[in-house]
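Student: Sharing a structure here in structure tokens format.
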Amino acid sequence: MLDSMSSNATVAKIRSLHGRMLTRDNYREILTKRSVPEIAEYLSTTRRFGELLSDVDPMTVHRGFLETLLEKENFDTYIRLCEFQQLDKVPFFGYQIEKAEIGCILMLINNINTGLDRSYLDDLPGYIIKHTSLDLLGLSRAGDFTELLKMLRKTKYHKPLVRVPLGEDGTVDYTECERRLRTQYYTNVIRHAEDSFPDSQSDEVVKMVKADIDFLNMINAYRMKAFYGFTADQIKQHQIKIQGVGKRLDNYYELETPEQMLEWLSEHETHTELAEDELIEVTMQRNKYRRLEHTIYRSFNAPVVLYAFTQLCEYETANIIHMIEGVRYGVDPAYIENNLLVC
Amino acid sequence: MGMEKMELVSLVGKMDELESCLSRCCESGCFHIQPAFTSAGAASGLTMLNEKNGYTAVLKSYERLAADLGIELKETDYSACTLKSPEDFANRAEEISSAFEQANTQKKDSLQKISEINETITQINHLQGMNSDFKEIFSCKYVASRIGRLPTDNLEKLDYYDENFFFIPFETQDLYCWGMYFCPMSEKAIVDDLFRSMYFERIMLPESIEGDADEAIKQLSADLVHQQALADEAQKTISSVSAASYEEIQQAYSKLRYLHGTFELRKKVGYLSGKFYIKGFVPTRDKKHFSELMNGLGSVTVSYMPPDADANCTPPTILKNSWFTRPFNMMVEMYGLPNYGGFNPTAFVAITYTLLFGIMFGDLGQGFLVVLLGLIVGKKLNKNAGGMMVRCGLSSMVFGTLYGSVFGFEELLDPLYEQLGISFLPLKVFKQTNFILITAVAIGVGLIIMSMLINIYIGFKQRDYEKAIFGCNGIAGLVFYSSVAVGLVGTMMFDMKIMSPPFVICLIVIPLICIFCRVPFSLAVKYKKFRLSADEEEKMTIGGFIVENFFEMFEFILSYISNTMSFLRVGGFVLSHAGMMLVVMTLMEGGSAISRPIILVIGNAFVMAMEGMIVAIQIIRLEFYEIFSRFNESDGVPFEPVGVSFAPQEQ
């Protein structure tokens, strides 16, 4: 009872933070802006980002730095929420740090593959460094994949990556690395949830994580079929596979055409008709966005609500970045709004 | 007293009549505009007009002109202004500017320099750790150096770059670290690029800076005084031009604001195939007036629809109030407007607030002063606040008469009542303490029951059976609360044996069961289906249901008790008011003959100010927490007719 009461405070805090998130009206207001400084200035007047941007000069701030700051705010909020009731001592709550670490490793692999010399260090989000046990800065010394593996030897990321075959030109299959790392990530999250929480709580978390995996697999499978013409076997090979997840998708992978896949998604996932020329990601993510918002107010489980909230924050940042890009390139505001992930 | 009925209006017309149409919308004073497009609309080809407002630049130039001339812009009758197009306005602004250009340039230069100097001083303050001569550093032949700020998060990365440079931090804040980096002149481009990629913001120091940080600040301070003298001299010339063109600028600016404002409304206008689409709400009573205004526009068609015709538009709320209740609108707005079609609680608030204030602050003399003060406030400061004060003051006078209290003199009205033969009046507060406290609780019980009745009415209107029948403020709650109240009063005060088993089972236990099972019961009534939770996806177990509702029941019962007891404060303030006046009277009796009137005046003023304020706040608390929370849903949208605001634009 006491545990439940104590995590209720975190749930209440998250709900209050959710109330500060940008609304559709805020997005419309942003769409009336004509430049990045105007957007930065507007964001600095909102309750959500006002404090973060108080020291930033909207006229001189670099677009990239603005985006990094928004991402930093999400990460810091997550850390603050975890520390609020010392939830960070429970292994499950490291999920966002692990996700960030994977993001950095993948970024480095991509740089190694493309031969971009310094851009890993440039793009490495500095705010993560002090929260991770992985030597993210040290990894920048890795000149090739073999060196990277050596550096990761004593970490949990070595095992999934060591089996990825090295190409003759010294590059590795990025997609395979991503799949393996993500598979391990979701396996860890599920395991930590099962170990850390009582059954009723862990069931809810696991259900949510599994829905997340299904969501990724569904979008990836459609892309593979529609844009690369993959067969069902090839698609299955590239999915995130975790025991007990995604069995219902087997029929979906077997479908022969992208149109059939859209029909399946309309029937089983989005419950609205999906047109072929429509960005299915947007429709599906909007569905997910709605589900996440619903979860925040429905559930009383801190891990579930936090997991949903962190994803909503990411969507919010994606929306803002999308609008910044649109405004920079003079895209029609109505078109930008149409692709926002807010319902 | 209810709410104004609304109509959803759709205006469609040819683009060449858009400006006249918008202008008439503003003129009507009754059109609440809504964005014409939604995501669905955009998909169907309807796009938002996002044209650049041609008046923005010229409006800004007039604001700059006025700022340069030190003219405070205010709304002025612009009928005499003959300027029309943005070009006309811009040309005239240029003509006026040319008359004081030289002086203005001088002033701007000086102010610019002053601002730069201040900025530089601020920046140099961040470099206090540097004790070397700036000039020497910047004149190095083989070493390039840059001063600026680097995001603090990127500091650690610096050690991992192989390029040839070093960074010296001077001051580290949360977001930025102020410092300086050095690199060989030959590698300047690479290192600059590296720092740019880490979002280093460079600061340019004036070339004239010499010495270390402390010396530089001294030099800059002397320069600051010199520049200020130059700026003052230029200002004298500008003031003479300002006096000559004052009226003309005011008129031109007022006209521009109107033209700019109507153009801005285009952002909410949709466009498709050469036609514009405007959507909004108009109060039904203004429908005729609005249609007449639009009649003059040939291509514009006006269609009226029910207010709920478009799910993307929320109808705004206008509360309809009488002369007595109108000032209390302020309180309802403060709590949050009810939604369109909801219940207007203003009359209820007006009556209860006035009564409670009178009871808690009953004094014939002080009430009279509150009325006078209210009249002044209403005329000079705020009409609504003044109106509330007048009503509360009158109520205070009535209850003051009942208490027999005039400026704290509790016996002044006794002879009058004796002459009238009314033996039970005036009420002697300190002799009838129990009666006052019990009456206060009784008033509370009455008000809570009335709030529940209102909630039941709203619940039935919205077909929300949980709210109307089974909720803690529905019929079940009402039966439970009033039965307990009747039971307790009958048993404890009148020694009646009301609490018999049938009474307890029918009027207390059954309503409690209804409240406990309000969700499944209301779902059963609505959908003829048994479910423990309103959310179909939620798997609510019977154990979970019992635990959750047990705690909620605990909270409901606690709230019945605490809300009722909260009204004890009404009686408490009656006693406190009389007590404070007793202190004033005691002090007055102890004073000399000359000081007595002074003590009386100051004492009354003090009690009025302090007690009046506290009572007003306490009643707001009672209204919001004990009464509003039982029925009021404050999710309404205020009605905001389109118009042109004259408030200065954000710079």
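Note on naming: chains are A, B, ... as they come in the structure tokens, residues start from 1 per chain, ligands start from 1 in the order shown.
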Counting only C-alpha atoms, which residues in chain B sit no more than 7 Å from chain A? For each one, give the nearest pair of atoms and the distance in Å, sorted by chain then residue number, as JSON lines.
Tutor:
{"residue": "B:Ser39", "atom": "CA", "partner": "A:Asn338", "partner_atom": "CA", "distance": 5.3}
{"residue": "B:Ala42", "atom": "CA", "partner": "A:Ala334", "partner_atom": "CA", "distance": 5.8}
{"residue": "B:Thr47", "atom": "CA", "partner": "A:Ala334", "partner_atom": "CA", "distance": 6.1}
{"residue": "B:Met48", "atom": "CA", "partner": "A:Ala334", "partner_atom": "CA", "distance": 6.5}
{"residue": "B:Asp153", "atom": "CA", "partner": "A:Gly126", "partner_atom": "CA", "distance": 4.6}
{"residue": "B:Asn154", "atom": "CA", "partner": "A:Gly126", "partner_atom": "CA", "distance": 5.3}
{"residue": "B:Lys157", "atom": "CA", "partner": "A:Leu137", "partner_atom": "CA", "distance": 6.7}
{"residue": "B:Tyr160", "atom": "CA", "partner": "A:Leu137", "partner_atom": "CA", "distance": 6.9}
{"residue": "B:Ser197", "atom": "CA", "partner": "A:Asp122", "partner_atom": "CA", "distance": 6.1}
{"residue": "B:Met198", "atom": "CA", "partner": "A:Asp122", "partner_atom": "CA", "distance": 6.1}
{"residue": "B:Tyr199", "atom": "CA", "partner": "A:Phe65", "partner_atom": "CA", "distance": 6.4}
Student: Could you take the residues named above and write them with N, CA and C atoms, as a PDB file, in the first residue's frame?
Tutor:
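Output contents, as saved in part37.pdb:
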ATOM      1  N   SER B  39      -7.246  20.091 -39.417  1.00  0.00           N
ATOM      2  CA  SER B  39      -6.395  19.152 -40.156  1.00  0.00           C
ATOM      3  C   SER B  39      -7.187  18.515 -41.280  1.00  0.00           C
ATOM      4  N   ALA B  42      -7.570  20.905 -44.102  1.00  0.00           N
ATOM      5  CA  ALA B  42      -6.356  21.063 -44.901  1.00  0.00           C
ATOM      6  C   ALA B  42      -6.219  19.923 -45.889  1.00  0.00           C
ATOM      7  N   THR B  47      -6.999  25.817 -47.517  1.00  0.00           N
ATOM      8  CA  THR B  47      -5.762  26.253 -46.867  1.00  0.00           C
ATOM      9  C   THR B  47      -6.002  27.545 -46.104  1.00  0.00           C
ATOM     10  N   MET B  48      -5.075  27.804 -45.196  1.00  0.00           N
ATOM     11  CA  MET B  48      -5.220  28.998 -44.376  1.00  0.00           C
ATOM     12  C   MET B  48      -4.573  30.170 -45.105  1.00  0.00           C
ATOM     13  N   ASP B 153      27.287  21.771 -21.263  1.00  0.00           N
ATOM     14  CA  ASP B 153      27.285  20.321 -21.515  1.00  0.00           C
ATOM     15  C   ASP B 153      28.400  19.890 -22.464  1.00  0.00           C
ATOM     16  N   ASN B 154      28.883  20.828 -23.271  1.00  0.00           N
ATOM     17  CA  ASN B 154      29.898  20.459 -24.260  1.00  0.00           C
ATOM     18  C   ASN B 154      31.330  20.611 -23.742  1.00  0.00           C
ATOM     19  N   LYS B 157      33.618  17.552 -23.740  1.00  0.00           N
ATOM     20  CA  LYS B 157      34.001  17.014 -25.046  1.00  0.00           C
ATOM     21  C   LYS B 157      35.351  17.555 -25.515  1.00  0.00           C
ATOM     22  N   TYR B 160      38.559  15.595 -25.901  1.00  0.00           N
ATOM     23  CA  TYR B 160      38.603  14.462 -26.820  1.00  0.00           C
ATOM     24  C   TYR B 160      38.864  14.852 -28.276  1.00  0.00           C
ATOM     25  N   SER B 197      30.497  24.044 -34.303  1.00  0.00           N
ATOM     26  CA  SER B 197      29.697  22.818 -34.262  1.00  0.00           C
ATOM     27  C   SER B 197      29.274  22.491 -32.829  1.00  0.00           C
ATOM     28  N   MET B 198      29.989  23.073 -31.865  1.00  0.00           N
ATOM     29  CA  MET B 198      29.575  22.862 -30.465  1.00  0.00           C
ATOM     30  C   MET B 198      28.756  24.043 -29.960  1.00  0.00           C
ATOM     31  N   TYR B 199      28.253  24.876 -30.876  1.00  0.00           N
ATOM     32  CA  TYR B 199      27.381  26.022 -30.579  1.00  0.00           C
ATOM     33  C   TYR B 199      28.059  27.075 -29.695  1.00  0.00           C
TER      34      TYR B 199
END
Student: Using only C-alpha atoms, which residues sit within 10 Å of Gly2 of chain B once same-chain residues fewer than 3 positions away are excluded, as a list in words?
Tutor: Lys5, Ile318, Leu319, Lys320, Asn321, Gly341, Gly342, Phe343, Asn344, Pro345, Thr346 and Ala347 of chain B
Student: Can you list, as a PyMOL selection string, all residues belonging to segment 206-401 of chain B that DSSP tags as alpha helix (DSSP H)?
Tutor: chain B and resi 213-264+287-295+329-335+346-360+364-380+383-401
Student: Do you know which residues are at most 10 Å from Ala90 of chain B counting only C-alpha atoms, after dropping those on the same chain fewer than 3 positions away, and could you put them as a ChimeraX atom specification?
Tutor: /B:55,57-59,61-62,83,85-87,93-95
Student: I'd like the interatomic distance between atom CA of Ala252 of chain B and atom CA of Asp88 of chain B, to a tenth of an Å.
Tutor: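 That distance, rounded to one decimal, is 10.3 Å.
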Student: Might you pull out every residue within 12 Å of Pro303 of chain A, with only C-alpha atoms counted and same-chain residues fewer than 2 positions away left off, and present them as an MDAnalysis selection string?
Tutor: chainID A and resid 4 7:8 10:11 14 78 81:82 87:88 90:96 189:190 192:194 196:198 200:206 208:209 295:296 299:301 305:310
Student: Between B:Cys30, B:Leu46, B:Ile515, B:Leu575, which residue has the minimum interatomic distance to Thr433 of chain B, considering only C-alpha atoms?
Tutor: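 Among B:Cys30, B:Leu46, B:Ile515, B:Leu575, it is B:Leu575 that comes nearest to Thr433 of chain B.
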Student: Just want the 8 Å neighbourhood of Leu69 of chain B, counted on only C-alpha atoms, with same-chain residues fewer than 3 positions away dropped. Output as a list of chain:residue names.
Tutor: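 These residues fall inside the cut-off: B:Leu65, B:Ala66, B:Ile238, B:Ser239, B:Val241, B:Ser242.
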Student: Residues near Lys150 of chain A, anyone? I mean within 12 Å using only C-alpha atoms, not counting same-chain ones fewer than 6 positions away, as a list of chain:residue names.
Tutor: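 The residues satisfying every condition are A:Gly138, A:Leu139, A:Arg141, A:Ala142, A:Gly143, A:Asp144, A:Tyr157, A:His158, A:Lys159, A:Leu161, A:Val162.
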Student: Convert the current residue selection to file output with C-alpha atoms, as a PDB file, in the first residue's frame.
Tutor:
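Final output, saved to selection.pdb:
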ATOM      1  CA  GLY A 138      36.054   7.567 -24.883  1.00  0.00           C
ATOM      2  CA  LEU A 139      34.138   5.796 -27.638  1.00  0.00           C
ATOM      3  CA  ARG A 141      38.537   7.285 -30.111  1.00  0.00           C
ATOM      4  CA  ALA A 142      37.215   4.196 -31.915  1.00  0.00           C
ATOM      5  CA  GLY A 143      38.426   4.393 -35.498  1.00  0.00           C
ATOM      6  CA  ASP A 144      36.651   1.266 -36.718  1.00  0.00           C
ATOM      7  CA  TYR A 157      26.352  -3.937 -25.669  1.00  0.00           C
ATOM      8  CA  HIS A 158      29.237  -6.210 -26.627  1.00  0.00           C
ATOM      9  CA  LYS A 159      27.200  -9.411 -26.835  1.00  0.00           C
ATOM     10  CA  LEU A 161      27.197  -6.482 -31.559  1.00  0.00           C
ATOM     11  CA  VAL A 162      29.954  -9.087 -31.572  1.00  0.00           C
TER      12      VAL A 162
END
Student: Hey, which of B:Ile190, B:Lys107, B:Leu587, B:Val484 ends up closest to Ile561 of chain B? Count only C-alpha atoms.
Tutor: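 When distances to Ile561 of chain B are compared using only C-alpha atoms, the smallest one comes from B:Val484.
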